[in-house]
file final-v3.cif (mmCIF, C-alpha atoms, pLDDT in the B column; chains and numbers go by the auth columns)
data_data
#
loop_
_atom_site.group_PDB
_atom_site.id
_atom_site.type_symbol
_atom_site.label_atom_id
_atom_site.label_comp_id
_atom_site.label_asym_id
_atom_site.label_seq_id
_atom_site.Cartn_x
_atom_site.Cartn_y
_atom_site.Cartn_z
_atom_site.B_iso_or_equiv
_atom_site.auth_seq_id
_atom_site.auth_asym_id
ATOM 1 C CA MET A 1 76.530 -127.510 -11.562 65.00 957 T
ATOM 2 C CA SER A 2 80.281 -127.725 -10.953 76.00 958 T
ATOM 3 C CA ALA A 3 80.221 -124.495 -8.928 83.00 959 T
ATOM 4 C CA ALA A 4 77.335 -125.793 -6.802 81.00 960 T
ATOM 5 C CA ALA A 5 79.152 -129.062 -6.184 83.00 961 T
ATOM 6 C CA GLY A 6 82.259 -127.082 -5.290 87.00 962 T
ATOM 7 C CA VAL A 7 80.383 -125.031 -2.686 86.00 963 T
ATOM 8 C CA LEU A 8 78.946 -128.146 -1.046 86.00 964 T
ATOM 9 C CA LEU A 9 82.292 -129.918 -1.085 88.00 965 T
ATOM 10 C CA LEU A 10 83.982 -126.867 0.429 88.00 966 T
ATOM 11 C CA MET A 11 81.387 -126.715 3.193 88.00 967 T
ATOM 12 C CA LEU A 12 81.796 -130.419 3.841 86.00 968 T
ATOM 13 C CA ALA A 13 85.607 -130.206 3.875 89.00 969 T
ATOM 14 C CA LEU A 14 85.666 -127.221 6.256 86.00 970 T
ATOM 15 C CA SER A 15 83.139 -128.838 8.582 85.00 971 T
ATOM 16 C CA LEU A 16 85.127 -132.082 8.729 86.00 972 T
ATOM 17 C CA LEU A 17 88.407 -130.250 9.275 87.00 973 T
ATOM 18 C CA ALA A 18 86.934 -127.879 11.873 84.00 974 T
ATOM 19 C CA PRO A 19 88.336 -129.776 14.913 83.00 975 T
ATOM 20 C CA TRP A 20 91.868 -129.382 13.519 87.00 976 T
ATOM 21 C CA LEU A 21 91.535 -125.749 12.474 84.00 977 T
ATOM 22 C CA PRO A 22 92.603 -122.912 14.830 84.00 978 T
ATOM 23 C CA LEU A 23 89.042 -122.168 15.886 83.00 979 T
ATOM 24 C CA ALA A 24 87.443 -121.287 19.181 85.00 980 T
ATOM 25 C CA GLU A 25 85.333 -123.951 20.824 87.00 981 T
ATOM 26 C CA PRO A 26 81.829 -123.400 19.359 87.00 982 T
ATOM 27 C CA THR A 27 80.065 -123.940 22.697 85.00 983 T
ATOM 28 C CA ALA A 28 82.578 -122.046 24.871 87.00 984 T
ATOM 29 C CA ILE A 29 80.845 -119.183 26.698 88.00 985 T
ATOM 30 C CA ASP A 30 82.793 -115.943 27.291 87.00 986 T
ATOM 31 C CA LEU A 31 80.543 -113.207 28.631 87.00 987 T
ATOM 32 C CA THR A 32 83.389 -110.694 28.485 86.00 988 T
ATOM 33 C CA SER A 33 83.399 -111.025 24.675 87.00 989 T
ATOM 34 C CA LYS A 34 79.658 -111.084 23.970 89.00 990 T
ATOM 35 C CA LEU A 35 78.201 -109.399 20.881 91.00 991 T
ATOM 36 C CA LEU A 36 81.539 -108.363 19.438 91.00 992 T
ATOM 37 C CA PRO A 37 81.333 -107.241 15.776 92.00 993 T
ATOM 38 C CA PRO A 38 83.200 -109.122 13.026 92.00 994 T
ATOM 39 C CA GLY A 39 86.915 -108.482 13.237 88.00 995 T
ATOM 40 C CA ALA A 40 90.357 -110.061 13.318 84.00 996 T
ATOM 41 C CA GLY A 41 89.736 -111.966 16.532 82.00 997 T
ATOM 42 C CA HIS A 42 86.263 -113.163 15.553 87.00 998 T
ATOM 43 C CA TRP A 43 85.698 -113.163 11.799 90.00 999 T
ATOM 44 C CA PHE A 44 81.914 -113.424 12.104 93.00 1000 T
ATOM 45 C CA GLY A 45 81.646 -111.743 15.507 91.00 1001 T
ATOM 46 C CA THR A 46 80.252 -113.298 18.674 92.00 1002 T
ATOM 47 C CA ASP A 47 76.749 -113.992 19.941 91.00 1003 T
ATOM 48 C CA SER A 48 75.011 -112.916 23.156 89.00 1004 T
ATOM 49 C CA LEU A 49 76.954 -115.535 25.148 90.00 1005 T
ATOM 50 C CA GLY A 50 80.328 -114.640 23.679 90.00 1006 T
ATOM 51 C CA ARG A 51 80.541 -117.727 21.460 92.00 1007 T
ATOM 52 C CA ASP A 52 82.456 -117.400 18.206 93.00 1008 T
ATOM 53 C CA ILE A 53 79.952 -117.353 15.320 93.00 1009 T
ATOM 54 C CA PHE A 54 82.481 -118.396 12.668 93.00 1010 T
ATOM 55 C CA SER A 55 83.284 -121.533 14.650 92.00 1011 T
ATOM 56 C CA GLN A 56 79.592 -122.236 15.172 93.00 1012 T
ATOM 57 C CA VAL A 57 78.844 -121.853 11.459 93.00 1013 T
ATOM 58 C CA LEU A 58 81.583 -124.322 10.497 92.00 1014 T
ATOM 59 C CA TYR A 59 80.554 -126.900 13.083 92.00 1015 T
ATOM 60 C CA GLY A 60 76.930 -126.290 12.169 90.00 1016 T
ATOM 61 C CA ALA A 61 77.685 -127.155 8.538 90.00 1017 T
ATOM 62 C CA ARG A 62 78.535 -130.690 9.618 88.00 1018 T
ATOM 63 C CA ILE A 63 75.219 -131.035 11.428 89.00 1019 T
ATOM 64 C CA SER A 64 73.093 -129.491 8.661 88.00 1020 T
ATOM 65 C CA LEU A 65 74.701 -131.502 5.847 89.00 1021 T
ATOM 66 C CA LEU A 66 74.418 -134.703 7.875 89.00 1022 T
ATOM 67 C CA ILE A 67 70.757 -133.993 8.616 89.00 1023 T
ATOM 68 C CA GLY A 68 70.041 -133.308 4.944 89.00 1024 T
ATOM 69 C CA LEU A 69 71.664 -136.582 3.962 91.00 1025 T
ATOM 70 C CA GLY A 70 69.905 -138.471 6.751 91.00 1026 T
ATOM 71 C CA VAL A 71 66.469 -137.155 5.777 92.00 1027 T
ATOM 72 C CA VAL A 72 66.934 -138.176 2.149 92.00 1028 T
ATOM 73 C CA LEU A 73 68.291 -141.637 2.997 93.00 1029 T
ATOM 74 C CA VAL A 74 65.484 -142.434 5.459 93.00 1030 T
ATOM 75 C CA ALA A 75 62.833 -141.184 3.034 93.00 1031 T
ATOM 76 C CA LEU A 76 64.381 -143.315 0.281 93.00 1032 T
ATOM 77 C CA ALA A 77 64.537 -146.370 2.526 93.00 1033 T
ATOM 78 C CA ILE A 78 60.819 -146.080 3.292 92.00 1034 T
ATOM 79 C CA GLY A 79 59.390 -144.763 0.043 92.00 1035 T
ATOM 80 C CA VAL A 80 61.285 -146.631 -2.673 92.00 1036 T
ATOM 81 C CA PRO A 81 60.525 -150.215 -1.507 92.00 1037 T
ATOM 82 C CA LEU A 82 56.914 -149.254 -0.871 92.00 1038 T
ATOM 83 C CA GLY A 83 56.537 -147.717 -4.336 91.00 1039 T
ATOM 84 C CA LEU A 84 58.269 -150.608 -6.102 91.00 1040 T
ATOM 85 C CA VAL A 85 56.046 -153.192 -4.432 91.00 1041 T
ATOM 86 C CA ALA A 86 52.914 -151.158 -5.163 90.00 1042 T
ATOM 87 C CA GLY A 87 53.778 -150.613 -8.815 89.00 1043 T
ATOM 88 C CA TYR A 88 54.972 -154.145 -9.508 86.00 1044 T
ATOM 89 C CA ALA A 89 52.183 -155.955 -7.632 86.00 1045 T
ATOM 90 C CA GLY A 90 49.320 -153.695 -8.693 83.00 1046 T
ATOM 91 C CA GLY A 91 45.729 -154.406 -7.767 85.00 1047 T
ATOM 92 C CA ARG A 92 44.640 -154.309 -4.139 89.00 1048 T
ATOM 93 C CA ILE A 93 48.215 -154.125 -2.813 90.00 1049 T
ATOM 94 C CA ASP A 94 48.827 -151.046 -4.937 89.00 1050 T
ATOM 95 C CA SER A 95 45.636 -149.411 -3.701 90.00 1051 T
ATOM 96 C CA VAL A 96 46.341 -150.085 -0.025 91.00 1052 T
ATOM 97 C CA LEU A 97 49.967 -148.897 -0.139 90.00 1053 T
ATOM 98 C CA MET A 98 49.184 -145.749 -2.106 90.00 1054 T
ATOM 99 C CA ARG A 99 46.258 -144.827 0.135 90.00 1055 T
ATOM 100 C CA PHE A 100 48.630 -145.245 3.082 90.00 1056 T
ATOM 101 C CA SER A 101 51.011 -142.785 1.403 89.00 1057 T
ATOM 102 C CA ASP A 102 48.175 -140.385 0.636 88.00 1058 T
ATOM 103 C CA VAL A 103 47.499 -140.050 4.363 88.00 1059 T
ATOM 104 C CA PHE A 104 50.905 -138.389 4.772 88.00 1060 T
ATOM 105 C CA LEU A 105 50.429 -136.287 1.643 85.00 1061 T
ATOM 106 C CA ALA A 106 47.231 -134.831 3.108 85.00 1062 T
ATOM 107 C CA PHE A 107 49.279 -132.737 5.551 84.00 1063 T
ATOM 108 C CA PRO A 108 51.102 -129.534 4.549 81.00 1064 T
ATOM 109 C CA PRO A 109 54.858 -130.172 4.096 75.00 1065 T
ATOM 110 C CA LEU A 110 55.927 -128.436 7.324 82.00 1066 T
ATOM 111 C CA LEU A 111 52.885 -129.109 9.508 86.00 1067 T
ATOM 112 C CA LEU A 112 53.404 -132.872 9.740 88.00 1068 T
ATOM 113 C CA PRO A 113 57.060 -132.626 10.870 89.00 1069 T
ATOM 114 C CA ILE A 114 56.056 -130.035 13.473 89.00 1070 T
ATOM 115 C CA MET A 115 53.330 -132.324 14.790 89.00 1071 T
ATOM 116 C CA LEU A 116 55.600 -135.377 14.876 89.00 1072 T
ATOM 117 C CA VAL A 117 58.461 -133.581 16.621 89.00 1073 T
ATOM 118 C CA ALA A 118 56.021 -132.088 19.124 87.00 1074 T
ATOM 119 C CA MET A 119 54.893 -135.642 19.915 88.00 1075 T
ATOM 120 C CA MET A 120 58.372 -137.201 20.065 89.00 1076 T
ATOM 121 C CA GLY A 121 60.210 -134.266 21.605 86.00 1077 T
ATOM 122 C CA PRO A 122 62.798 -131.874 20.168 85.00 1078 T
ATOM 123 C CA GLY A 123 66.148 -133.175 18.991 86.00 1079 T
ATOM 124 C CA LEU A 124 68.135 -133.723 15.819 86.00 1080 T
ATOM 125 C CA GLY A 125 67.237 -137.398 15.534 88.00 1081 T
ATOM 126 C CA ASN A 126 63.531 -136.797 15.977 89.00 1082 T
ATOM 127 C CA ALA A 127 63.582 -133.866 13.551 89.00 1083 T
ATOM 128 C CA THR A 128 65.349 -135.956 10.916 90.00 1084 T
ATOM 129 C CA LEU A 129 62.893 -138.813 11.287 90.00 1085 T
ATOM 130 C CA ALA A 130 59.872 -136.485 11.244 90.00 1086 T
ATOM 131 C CA VAL A 131 60.924 -134.760 8.023 90.00 1087 T
ATOM 132 C CA ALA A 132 61.773 -138.085 6.364 90.00 1088 T
ATOM 133 C CA VAL A 133 58.408 -139.597 7.299 89.00 1089 T
ATOM 134 C CA SER A 134 56.610 -136.609 5.798 87.00 1090 T
ATOM 135 C CA TRP A 135 58.587 -136.882 2.533 88.00 1091 T
ATOM 136 C CA PHE A 136 58.676 -140.599 1.773 91.00 1092 T
ATOM 137 C CA PRO A 137 55.367 -140.571 -0.214 90.00 1093 T
ATOM 138 C CA TRP A 138 57.031 -138.570 -2.999 89.00 1094 T
ATOM 139 C CA TYR A 139 59.622 -141.296 -3.489 91.00 1095 T
ATOM 140 C CA ALA A 140 56.930 -143.956 -3.265 91.00 1096 T
ATOM 141 C CA ARG A 141 55.009 -142.296 -6.079 91.00 1097 T
ATOM 142 C CA ILE A 142 58.094 -141.887 -8.265 89.00 1098 T
ATOM 143 C CA ALA A 143 59.130 -145.525 -7.742 90.00 1099 T
ATOM 144 C CA ARG A 144 55.573 -146.730 -8.366 90.00 1100 T
ATOM 145 C CA ALA A 145 55.263 -144.803 -11.624 88.00 1101 T
ATOM 146 C CA ALA A 146 58.580 -146.170 -12.854 84.00 1102 T
ATOM 147 C CA ALA A 147 57.674 -149.732 -11.837 87.00 1103 T
ATOM 148 C CA LEU A 148 54.324 -149.520 -13.621 86.00 1104 T
ATOM 149 C CA SER A 149 55.996 -148.500 -16.870 83.00 1105 T
ATOM 150 C CA ILE A 150 58.741 -151.139 -16.617 84.00 1106 T
ATOM 151 C CA LYS A 151 56.940 -154.266 -15.399 80.00 1107 T
ATOM 152 C CA THR A 152 55.374 -154.950 -18.826 77.00 1108 T
ATOM 153 C CA GLU A 153 58.668 -154.755 -20.723 80.00 1109 T
ATOM 154 C CA ASN A 154 59.805 -157.880 -22.571 82.00 1110 T
ATOM 155 C CA TYR A 155 62.848 -158.491 -20.393 79.00 1111 T
ATOM 156 C CA ILE A 156 60.673 -158.474 -17.266 81.00 1112 T
ATOM 157 C CA VAL A 157 58.233 -160.921 -18.875 80.00 1113 T
ATOM 158 C CA SER A 158 61.164 -163.109 -19.959 84.00 1114 T
ATOM 159 C CA ALA A 159 62.684 -163.106 -16.471 80.00 1115 T
ATOM 160 C CA ARG A 160 59.329 -164.149 -15.026 79.00 1116 T
ATOM 161 C CA ALA A 161 58.972 -166.902 -17.658 81.00 1117 T
ATOM 162 C CA PHE A 162 62.401 -168.302 -16.723 78.00 1118 T
ATOM 163 C CA GLY A 163 61.256 -168.675 -13.128 80.00 1119 T
ATOM 164 C CA ALA A 164 62.877 -165.648 -11.507 79.00 1120 T
ATOM 165 C CA SER A 165 61.248 -164.741 -8.197 81.00 1121 T
ATOM 166 C CA HIS A 166 59.330 -161.514 -7.827 77.00 1122 T
ATOM 167 C CA ALA A 167 61.872 -160.218 -5.312 82.00 1123 T
ATOM 168 C CA ARG A 168 64.750 -160.902 -7.715 82.00 1124 T
ATOM 169 C CA ILE A 169 62.943 -159.212 -10.612 82.00 1125 T
ATOM 170 C CA VAL A 170 62.231 -156.116 -8.538 82.00 1126 T
ATOM 171 C CA TRP A 171 65.789 -155.937 -7.146 82.00 1127 T
ATOM 172 C CA ARG A 172 67.768 -156.847 -10.276 81.00 1128 T
ATOM 173 C CA HIS A 173 65.622 -155.384 -13.049 81.00 1129 T
ATOM 174 C CA VAL A 174 62.987 -152.923 -11.880 84.00 1130 T
ATOM 175 C CA LEU A 175 64.989 -150.917 -9.335 85.00 1131 T
ATOM 176 C CA PRO A 176 68.062 -150.221 -11.536 83.00 1132 T
ATOM 177 C CA ASN A 177 65.858 -149.025 -14.376 80.00 1133 T
ATOM 178 C CA CYS A 178 63.940 -146.543 -12.233 80.00 1134 T
ATOM 179 C CA SER A 179 66.918 -145.202 -10.290 81.00 1135 T
ATOM 180 C CA THR A 180 67.459 -142.085 -12.427 81.00 1136 T
ATOM 181 C CA PRO A 181 64.333 -140.130 -11.399 82.00 1137 T
ATOM 182 C CA ILE A 182 64.827 -141.240 -7.797 87.00 1138 T
ATOM 183 C CA VAL A 183 68.426 -139.976 -7.708 85.00 1139 T
ATOM 184 C CA VAL A 184 67.409 -136.687 -9.311 82.00 1140 T
ATOM 185 C CA GLN A 185 64.607 -136.138 -6.812 85.00 1141 T
ATOM 186 C CA ALA A 186 66.885 -137.009 -3.902 88.00 1142 T
ATOM 187 C CA SER A 187 69.472 -134.461 -5.036 83.00 1143 T
ATOM 188 C CA LEU A 188 66.783 -131.783 -5.272 82.00 1144 T
ATOM 189 C CA ASP A 189 65.371 -132.662 -1.850 87.00 1145 T
ATOM 190 C CA PHE A 190 68.744 -132.444 -0.123 89.00 1146 T
ATOM 191 C CA GLY A 191 68.592 -128.654 0.020 87.00 1147 T
ATOM 192 C CA TYR A 192 64.965 -128.611 1.107 88.00 1148 T
ATOM 193 C CA ALA A 193 65.831 -131.020 3.912 89.00 1149 T
ATOM 194 C CA ILE A 194 68.465 -128.613 5.222 90.00 1150 T
ATOM 195 C CA LEU A 195 65.990 -125.723 5.061 89.00 1151 T
ATOM 196 C CA THR A 196 63.175 -127.664 6.741 89.00 1152 T
ATOM 197 C CA THR A 197 65.306 -128.888 9.637 88.00 1153 T
ATOM 198 C CA ALA A 198 66.691 -125.371 10.096 89.00 1154 T
ATOM 199 C CA SER A 199 63.084 -124.149 10.272 88.00 1155 T
ATOM 200 C CA LEU A 200 62.343 -126.710 12.986 89.00 1156 T
ATOM 201 C CA GLY A 201 65.435 -125.568 14.866 88.00 1157 T
ATOM 202 C CA PHE A 202 64.291 -121.945 14.585 88.00 1158 T
ATOM 203 C CA ILE A 203 60.973 -122.666 16.299 87.00 1159 T
ATOM 204 C CA GLY A 204 62.627 -124.797 18.982 85.00 1160 T
ATOM 205 C CA LEU A 205 61.680 -128.240 17.647 86.00 1161 T
ATOM 206 C CA GLY A 206 65.005 -129.227 16.123 84.00 1162 T
ATOM 207 C CA ALA A 207 68.448 -129.049 17.659 82.00 1163 T
ATOM 208 C CA THR A 208 68.649 -128.247 21.350 83.00 1164 T
ATOM 209 C CA PRO A 209 71.163 -125.871 22.985 82.00 1165 T
ATOM 210 C CA PRO A 210 74.118 -125.718 22.979 83.00 1166 T
ATOM 211 C CA THR A 211 74.268 -127.586 19.636 85.00 1167 T
ATOM 212 C CA PRO A 212 75.760 -125.282 16.949 88.00 1168 T
ATOM 213 C CA GLU A 213 72.965 -125.657 14.397 89.00 1169 T
ATOM 214 C CA TRP A 214 72.150 -122.897 11.908 91.00 1170 T
ATOM 215 C CA GLY A 215 68.416 -122.649 12.587 90.00 1171 T
ATOM 216 C CA LEU A 216 68.975 -122.656 16.338 90.00 1172 T
ATOM 217 C CA MET A 217 71.632 -119.949 15.974 91.00 1173 T
ATOM 218 C CA ILE A 218 69.175 -117.667 14.174 91.00 1174 T
ATOM 219 C CA SER A 219 66.509 -118.405 16.764 90.00 1175 T
ATOM 220 C CA SER A 220 68.890 -117.517 19.600 88.00 1176 T
ATOM 221 C CA SER A 221 69.627 -114.141 17.998 89.00 1177 T
ATOM 222 C CA ARG A 222 65.990 -113.038 17.569 87.00 1178 T
ATOM 223 C CA SER A 223 66.118 -110.573 20.452 85.00 1179 T
ATOM 224 C CA VAL A 224 69.334 -108.845 19.366 89.00 1180 T
ATOM 225 C CA PHE A 225 69.742 -109.197 15.600 86.00 1181 T
ATOM 226 C CA LEU A 226 68.217 -105.780 14.763 87.00 1182 T
ATOM 227 C CA GLU A 227 71.048 -104.076 16.647 91.00 1183 T
ATOM 228 C CA TYR A 228 73.719 -106.763 16.227 92.00 1184 T
ATOM 229 C CA TRP A 229 73.105 -107.830 12.634 92.00 1185 T
ATOM 230 C CA TRP A 230 75.925 -110.384 12.405 92.00 1186 T
ATOM 231 C CA THR A 231 74.319 -112.743 14.928 92.00 1187 T
ATOM 232 C CA ALA A 232 71.674 -113.828 12.383 92.00 1188 T
ATOM 233 C CA THR A 233 73.250 -112.808 9.076 93.00 1189 T
ATOM 234 C CA PHE A 234 76.058 -115.345 8.901 94.00 1190 T
ATOM 235 C CA PRO A 235 74.110 -118.488 9.864 93.00 1191 T
ATOM 236 C CA GLY A 236 71.315 -117.309 7.545 93.00 1192 T
ATOM 237 C CA LEU A 237 73.828 -116.828 4.738 94.00 1193 T
ATOM 238 C CA ALA A 238 75.178 -120.334 5.364 93.00 1194 T
ATOM 239 C CA ILE A 239 71.669 -121.779 5.002 92.00 1195 T
ATOM 240 C CA PHE A 240 71.130 -119.769 1.812 93.00 1196 T
ATOM 241 C CA LEU A 241 74.387 -120.935 0.226 92.00 1197 T
ATOM 242 C CA ALA A 242 73.871 -124.586 1.162 91.00 1198 T
ATOM 243 C CA VAL A 243 70.272 -124.701 -0.087 90.00 1199 T
ATOM 244 C CA MET A 244 71.053 -122.794 -3.290 90.00 1200 T
ATOM 245 C CA ALA A 245 74.051 -125.011 -4.064 90.00 1201 T
ATOM 246 C CA ALA A 246 72.031 -128.169 -3.423 87.00 1202 T
ATOM 247 C CA ASN A 247 69.196 -126.967 -5.670 85.00 1203 T
ATOM 248 C CA LEU A 248 71.557 -125.993 -8.482 87.00 1204 T
ATOM 249 C CA LEU A 249 73.295 -129.347 -8.197 85.00 1205 T
ATOM 250 C CA GLY A 250 69.935 -131.110 -8.343 80.00 1206 T
ATOM 251 C CA ASP A 251 68.905 -129.123 -11.422 79.00 1207 T
ATOM 252 C CA GLY A 252 72.181 -130.005 -13.092 80.00 1208 T
ATOM 253 C CA LEU A 253 71.780 -133.700 -12.344 78.00 1209 T
ATOM 254 C CA ARG A 254 68.213 -133.585 -13.631 74.00 1210 T
ATOM 255 C CA ASP A 255 69.331 -132.098 -16.944 75.00 1211 T
ATOM 256 C CA LEU A 256 72.266 -134.488 -17.164 76.00 1212 T
ATOM 257 C CA LEU A 257 70.537 -137.742 -16.243 70.00 1213 T
ATOM 258 C CA ASP A 258 66.934 -137.262 -17.292 60.00 1214 T
ATOM 259 C CA PRO A 259 66.020 -134.175 -19.347 54.00 1215 T
ATOM 260 C CA LYS A 260 62.354 -135.251 -19.452 57.00 1216 T
ATOM 261 C CA PHE A 261 62.032 -135.477 -15.676 50.00 1217 T
ATOM 262 C CA GLU A 262 59.365 -133.002 -14.464 50.00 1218 T
ATOM 263 C CA GLY A 263 59.804 -133.243 -10.720 47.00 1219 T
ATOM 264 C CA ARG A 264 57.310 -134.428 -8.179 46.00 1220 T
ATOM 265 C CA PRO A 265 53.943 -135.625 -9.422 42.00 1221 T
ATOM 266 C CA GLU A 266 50.987 -133.391 -8.728 40.00 1222 T
#
call {"tool": "encode", "arguments": {"input": "final-v3.cif", "output": "structure tokens"}}
result
Amino acid sequence: MSAAAGVLLLMLALSLLAPWLPLAEPTAIDLTSKLLPPGAGHWFGTDSLGRDIFSQVLYGARISLLIGLGVVLVALAIGVPLGLVAGYAGGRIDSVLMRFSDVFLAFPPLLLPIMLVAMMGPGLGNATLAVAVSWFPWYARIARAAALSIKTENYIVSARAFGASHARIVWRHVLPNCSTPIVVQASLDFGYAILTTASLGFIGLGATPPTPEWGLMISSSRSVFLEYWWTATFPGLAIFLAVMAANLLGDGLRDLLDPKFEGRPE
């Protein structure tokens, strides 16, 4: 867990410090230096437009980490309130809200974001929103399950008897007591968010050129990577390290905070 956190923190630190490091401009085109192999002048080589891949990978880390965080936060902002209201209110409200969530669960995990981005147009903002909208039902279900198990506890009944409003009970008592599984799931989803948005960038529905985004970098190298291996290897390795570190960190938090947590409901 500590090693995974260290990898993510190192990526974050390097991406934030990238403008002050002695790096080439990630979008600067130099056709006289195109497809150079890794060496002293270009540690990760250059792409088909002569852009420095090492610089692109570092700047791309900022974009990918920010997208991963944005997807999780938007999904939490939609799913958690919906699940808390459904679980606490019960009855018809619960049925309506959960059937609304089930509509989004009916689509395969990657198909819905592809459809939404195709409708809204490619771009980082649209890709982030599309992935978040397709993932919020998981958080709604987790929050609902926790609210259902908590709302009958004695302290909830006592708070209601003393005249506390429903909104205050949900905010002050229900939400804090169901935060552990939500935090664990969010930490696990962070890596998947990076991978999903990179997949959208690879098929041309995520970041748009000349944005230095990992998925877009791999997509741009499709025609040359068999001969010039470094054009796809280093951004692919960055995705692998970020996703693996995020998953290991999520597993560690799950074991630390809630050993009985079993992940997403079936």
call {"tool": "resolve_selection", "arguments": {"input": "final-v3.cif", "expression": "the PyMOL selection byres ((chain T and resi 1202-1208) around 12)", "output": "PyMOL selection string"}}
result
chain T and resi 957-965+967+1021+1024-1025+1136-1151+1195-1201+1209-1215+1217-1219
call {"tool": "atom_distance", "arguments": {"input": "final-v3.cif", "atom1": "CA of Met1054 in chain T", "atom2": "CA of Cys1134 in chain T"}}
result
17.9 Å
call {"tool": "atom_distance", "arguments": {"input": "final-v3.cif", "atom1": "CA of Pro982 in chain T", "atom2": "CA of Ala996 in chain T"}}
result
16.9 Å
call {"tool": "closest_atom_pairs", "arguments": {"input": "final-v3.cif", "of": "range 1076-1115 of chain T", "to": "range 1026-1029 of chain T", "cutoff": "8 Å", "atoms": "only C-alpha atoms", "output": "JSON lines"}}
result
{"residue": "T:Thr1084", "atom": "CA", "partner": "T:Val1027", "partner_atom": "CA", "distance": 5.4}
{"residue": "T:Leu1085", "atom": "CA", "partner": "T:Val1027", "partner_atom": "CA", "distance": 6.8}
{"residue": "T:Val1087", "atom": "CA", "partner": "T:Val1027", "partner_atom": "CA", "distance": 6.4}
{"residue": "T:Ala1088", "atom": "CA", "partner": "T:Val1027", "partner_atom": "CA", "distance": 4.8}
call {"tool": "write_last_selection", "arguments": {"input": "final-v3.cif", "atoms": "C-alpha atoms", "output": "compact mmCIF listing (two decimals), in the frame of the given file"}}
result
# COMPACT_ATOMS: atom_id res chain seq x y z
CA THR T 1084 65.35 -135.96 10.92
CA LEU T 1085 62.89 -138.81 11.29
CA VAL T 1087 60.92 -134.76 8.02
CA ALA T 1088 61.77 -138.08 6.36
call {"tool": "closest_atom_pairs", "arguments": {"input": "final-v3.cif", "of": "range 968-1025 of chain T", "to": "range 1164-1175 of chain T", "cutoff": "8 Å", "atoms": "only C-alpha atoms", "output": "CSV"}}
result
residue,atom,partner,partner_atom,distance
T:Pro982,CA,T:Pro1168,CA,6.8
T:Thr983,CA,T:Pro1166,CA,6.2
T:Gln1012,CA,T:Pro1168,CA,5.2
T:Val1013,CA,T:Trp1170,CA,6.8
T:Tyr1015,CA,T:Pro1168,CA,6.4
T:Gly1016,CA,T:Glu1169,CA,4.6
T:Ala1017,CA,T:Glu1169,CA,7.7
T:Ile1019,CA,T:Glu1169,CA,6.5
T:Ser1020,CA,T:Glu1169,CA,6.9
call {"tool": "closest_residue", "arguments": {"input": "final-v3.cif", "among": "T:Gly1160, T:Ala1194, T:Val1113, T:Tyr1184", "to": "Pro994 in chain T", "atoms": "only C-alpha atoms"}}
result
T:Tyr1184
call {"tool": "atom_distance", "arguments": {"input": "final-v3.cif", "atom1": "CA of Thr1153 in chain T", "atom2": "CA of Leu991 in chain T"}}
result
25.9 Å
call {"tool": "closest_residue", "arguments": {"input": "final-v3.cif", "among": "T:Tyr1044, T:Trp1091, T:Trp999, T:Phe1056", "to": "Val1130 in chain T", "atoms": "only C-alpha atoms"}}
result
T:Tyr1044
call {"tool": "residues_around", "arguments": {"input": "final-v3.cif", "residues": "His1122 in chain T", "least_positions_apart": "2", "cutoff": "12 Å", "atoms": "all atoms listed in the file", "output": "JSON, numbers by chain"}}
result
{"T": [1040, 1041, 1044, 1045, 1107, 1112, 1113, 1115, 1116, 1117, 1118, 1119, 1120, 1124, 1125, 1126, 1127, 1128, 1129, 1130]}
call {"tool": "residues_near_point", "arguments": {"input": "final-v3.cif", "point": "(79.0, -114.7, 19.5)", "cutoff": "12 Å", "atoms": "all atoms listed in the file", "output": "PyMOL selection string"}}
result
chain T and resi 980-995+997-1013+1168+1173-1174+1176-1177+1180-1181+1184-1188+1190-1191
call {"tool": "write_last_selection", "arguments": {"input": "final-v3.cif", "atoms": "C-alpha atoms", "output": "compact mmCIF listing (two decimals), in the frame of the given file"}}
result
# COMPACT_ATOMS: atom_id res chain seq x y z
CA ALA T 980 87.44 -121.29 19.18
CA GLU T 981 85.33 -123.95 20.82
CA PRO T 982 81.83 -123.40 19.36
CA THR T 983 80.06 -123.94 22.70
CA ALA T 984 82.58 -122.05 24.87
CA ILE T 985 80.84 -119.18 26.70
CA ASP T 986 82.79 -115.94 27.29
CA LEU T 987 80.54 -113.21 28.63
CA THR T 988 83.39 -110.69 28.48
CA SER T 989 83.40 -111.02 24.68
CA LYS T 990 79.66 -111.08 23.97
CA LEU T 991 78.20 -109.40 20.88
CA LEU T 992 81.54 -108.36 19.44
CA PRO T 993 81.33 -107.24 15.78
CA PRO T 994 83.20 -109.12 13.03
CA GLY T 995 86.92 -108.48 13.24
CA GLY T 997 89.74 -111.97 16.53
CA HIS T 998 86.26 -113.16 15.55
CA TRP T 999 85.70 -113.16 11.80
CA PHE T 1000 81.91 -113.42 12.10
CA GLY T 1001 81.65 -111.74 15.51
CA THR T 1002 80.25 -113.30 18.67
CA ASP T 1003 76.75 -113.99 19.94
CA SER T 1004 75.01 -112.92 23.16
CA LEU T 1005 76.95 -115.54 25.15
CA GLY T 1006 80.33 -114.64 23.68
CA ARG T 1007 80.54 -117.73 21.46
CA ASP T 1008 82.46 -117.40 18.21
CA ILE T 1009 79.95 -117.35 15.32
CA PHE T 1010 82.48 -118.40 12.67
CA SER T 1011 83.28 -121.53 14.65
CA GLN T 1012 79.59 -122.24 15.17
CA VAL T 1013 78.84 -121.85 11.46
CA PRO T 1168 75.76 -125.28 16.95
CA MET T 1173 71.63 -119.95 15.97
CA ILE T 1174 69.18 -117.67 14.17
CA SER T 1176 68.89 -117.52 19.60
CA SER T 1177 69.63 -114.14 18.00
CA VAL T 1180 69.33 -108.84 19.37
CA PHE T 1181 69.74 -109.20 15.60
CA TYR T 1184 73.72 -106.76 16.23
CA TRP T 1185 73.10 -107.83 12.63
CA TRP T 1186 75.92 -110.38 12.40
CA THR T 1187 74.32 -112.74 14.93
CA ALA T 1188 71.67 -113.83 12.38
CA PHE T 1190 76.06 -115.34 8.90
CA PRO T 1191 74.11 -118.49 9.86
